[in-house]
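Heads up: the structure comes next, in structure tokens.
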Amino acid sequence: MRTLDGLIKHGVQGRRILVRSDLNVPLSKDGKRAVTDDGRIRASLPTLTKLLDHGARVIVTAHLGRPAGEPDPAYSLGPVADRLAQLLGRPVEFALDTVGVSARLLADGLQDGEVLLLENVRFNAGETSKDDAERREFGRCLALLTGGEDDGGAFVEDAFGAVHRKHASVYDVATLLPHYCGDLVRDELEVLRELTGEPKRPYVVVLGGSKVSDKLAVIESLLPKVDKLLVGGGMCFTFLAAQGHEVGESLLEADQIDACRELLGAKSSDGTTKIVLPSDIVVAAEVSDDVPSQVVPADAIPADMVGLDIGPDTVQAFAAELGSARTVFWNGPMGVFEVAQFAAGTKGVAEAVAAVDGLSVVGGGDSAAAVRALGLDVNAFGHISTGGGASLEFLEGKTLPGVAVLEEA
Ligand code: ADP
Ligand code: MG
């Protein structure tokens, strides 16, 4: 796989380099569209700065959210361009389209060491198209912004959070230009390879978040490899239901109950069950800041209540498992951490993960955002991945199209 440093060694001064970054950050929903967590923008800086410092003319393409394949101001990357400029400490030109007149004019006008951000790449239906020809055609338009290979154009893949997608800006452009692995993708892969190789034991995985159906595949592939799998968040209720417990109004995916019951049968070498479920749950009538809440045993959730966080006994039990672990991967909040009174479980587990004596990896957009929103020291973690779906698919052993294409000549 060709690296960014390899590209830099060839010389990038005066060349237009297309970089796929992951700038898919949360924005405030109050109409102001302020960037509420700039972690992914910060993570994209090293690659961009390296290229710019060496005199490259950098064209950044990225997506934000899931617009319907056409321009939509609610998904504009405008606020991201401003924050990127602040963090880079240099001006960022912003194209009002993806490959249209604005993008082409600004790309042509770039000087050495200047950077251009294109508008949300998903404003063009070609980006995510399942029709290979349509997607490739859009990829060709993106690649052409660099002037093409004969004009010094090249592509740097740095959007780890998107490498599991076979999209034009992630996959097709790499087939059309000399392609290089950015520093972020390199670093992410290096850490995840430690998890799939020979992790130091005990190896404990903590999973939470909302839907068990999103994560069933990763649970299945991780179970044989881990010593313990701690389950919290919205997905624990389908497991509790599989044990025959009442879960009230909590998140439940009835069609996954049988699959969960089967997984609960997995045993560790010491004969104990691999999957550890919460023993107590914080319940309330609804998700709100001021609704009264209470802690109940996990097998006694009142029928009219919603489970919104793991309880304090569970936090202690999970922390004890994590305390003896040498390798930890954590994905998915333990509760609705966005609401203060349901954040304690996520915070407690995050603190225990941060304290791990060994390798601790956090994966998942919401999990990483939770670490920062709850005021935890990000440096205490071994690695905070920028990719949710991408890191899970890597751990599942799936091929990541945006990585596989880099390995091709
Ligand atoms: P990640 O992005 O880290 O992979 P997910 O997207 O799977 O995580 O899940 C994050 C969401 O899960 C959060 O918005 C959180 O509010 C929600 N969540 C966690 N616990 C519960 C619960 N008990 N009930 C409903 N939603 C929950
Ligand atoms: Mg998420």
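Identifiers for the structure tokens are assigned positionally: chains receive A, B, ... in sequence, residues are indexed from 1 per chain, and ligands are indexed from 1 in the order shown.
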Quick one: residues within 10 Å of Lys225 of chain A, only C-alpha atoms, excluding same-chain residues fewer than 6 positions away - as an mmCIF file with C-alpha atoms, in the first residue's frame?
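Once everything was written out, this is result_15.cif:
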data_model
loop_
_atom_site.group_PDB
_atom_site.id
_atom_site.type_symbol
_atom_site.label_atom_id
_atom_site.label_comp_id
_atom_site.auth_asym_id
_atom_site.auth_seq_id
_atom_site.Cartn_x
_atom_site.Cartn_y
_atom_site.Cartn_z
ATOM 1 C CA LEU A 195 -7.267 -6.260 18.055
ATOM 2 C CA THR A 196 -7.697 -8.865 15.329
ATOM 3 C CA GLY A 197 -4.201 -10.321 15.673
ATOM 4 C CA GLU A 198 -3.099 -11.703 19.029
ATOM 5 C CA PRO A 199 -4.670 -9.392 21.606
ATOM 6 C CA TYR A 203 -9.663 -9.335 25.939
ATOM 7 C CA VAL A 204 -12.911 -7.620 26.911
ATOM 8 C CA VAL A 205 -15.345 -5.956 24.507
ATOM 9 C CA SER A 268 -15.495 -18.793 28.276
#
Taking only C-alpha atoms and all ligand atoms into account, report as a short mmCIF file (atom, residue, chain, number, x, y, z; two decimals) with C-alpha atoms, in the first residue's frame which residues have an atom no farther than 8 Å from an atom of ligand 1.
data_model
loop_
_atom_site.label_atom_id
_atom_site.label_comp_id
_atom_site.auth_asym_id
_atom_site.auth_seq_id
_atom_site.Cartn_x
_atom_site.Cartn_y
_atom_site.Cartn_z
CA GLY A 208 -23.88 -0.64 23.59
CA GLY A 209 -25.70 1.86 21.41
CA SER A 210 -29.16 1.61 20.08
CA LYS A 211 -29.83 -1.35 17.81
CA ASP A 214 -26.71 -3.21 13.65
CA LYS A 215 -24.23 -5.12 15.75
CA GLY A 232 -25.34 -2.32 27.72
CA GLY A 233 -27.22 0.43 25.88
CA GLY A 234 -30.45 -0.04 24.02
CA MET A 235 -29.36 -3.41 22.71
CA CYS A 236 -29.24 -5.08 26.13
CA PHE A 237 -33.04 -5.25 26.27
CA SER A 250 -37.51 -0.26 26.36
CA LEU A 251 -35.94 -0.62 22.93
CA VAL A 306 -38.35 2.64 29.49
CA GLY A 307 -34.82 1.44 30.28
CA LEU A 308 -32.52 4.37 29.57
CA ASP A 309 -29.18 3.56 31.22
CA ILE A 310 -27.35 0.78 33.02
CA ASN A 331 -18.40 0.63 20.99
CA GLY A 332 -21.76 2.20 21.76
CA PRO A 333 -22.98 4.30 24.71
CA MET A 334 -24.41 2.46 27.73
CA GLY A 335 -27.45 4.72 27.88
CA VAL A 336 -29.05 7.83 26.45
CA PHE A 337 -25.98 9.87 27.45
CA GLU A 338 -27.25 12.95 25.59
CA GLY A 363 -14.93 2.97 18.22
CA GLY A 364 -18.16 4.60 17.11
CA GLY A 365 -19.17 8.14 16.32
CA ASP A 366 -21.50 8.50 19.29
CA SER A 367 -19.13 6.76 21.68
CA ALA A 368 -16.26 9.06 20.73
CA ALA A 369 -18.57 12.07 20.98
CA GLY A 388 -17.98 3.53 13.80
CA GLY A 389 -19.26 1.27 11.04
#
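Across A:Lys347, A:His245, A:Arg20, A:Arg57, the tightest approach to Asp112 of chain A is made by A:Arg57 when counting only C-alpha atoms.
Across the structure, atom CA of Ala68 of chain A and atom CA of Thr47 of chain A are spaced 29.3 Å apart.
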Original post:
Which neighbours of Ala319 of chain A fall inside 6 Å, counting only C-alpha atoms, when residues of the same chain fewer than 4 positions from it are skipped, and could you give them as a count of residues only?
Top reply: 3
**OP:** Could you pull out the residues in segment 257-404 of chain A that DSSP calls strand (DSSP E or B) from the backbone, as a VMD selection string?
**Re:** chain A and resid 267 273 275 to 276 280 to 284 293 to 297 306 to 310 327 to 331 359 to 363 383 to 384
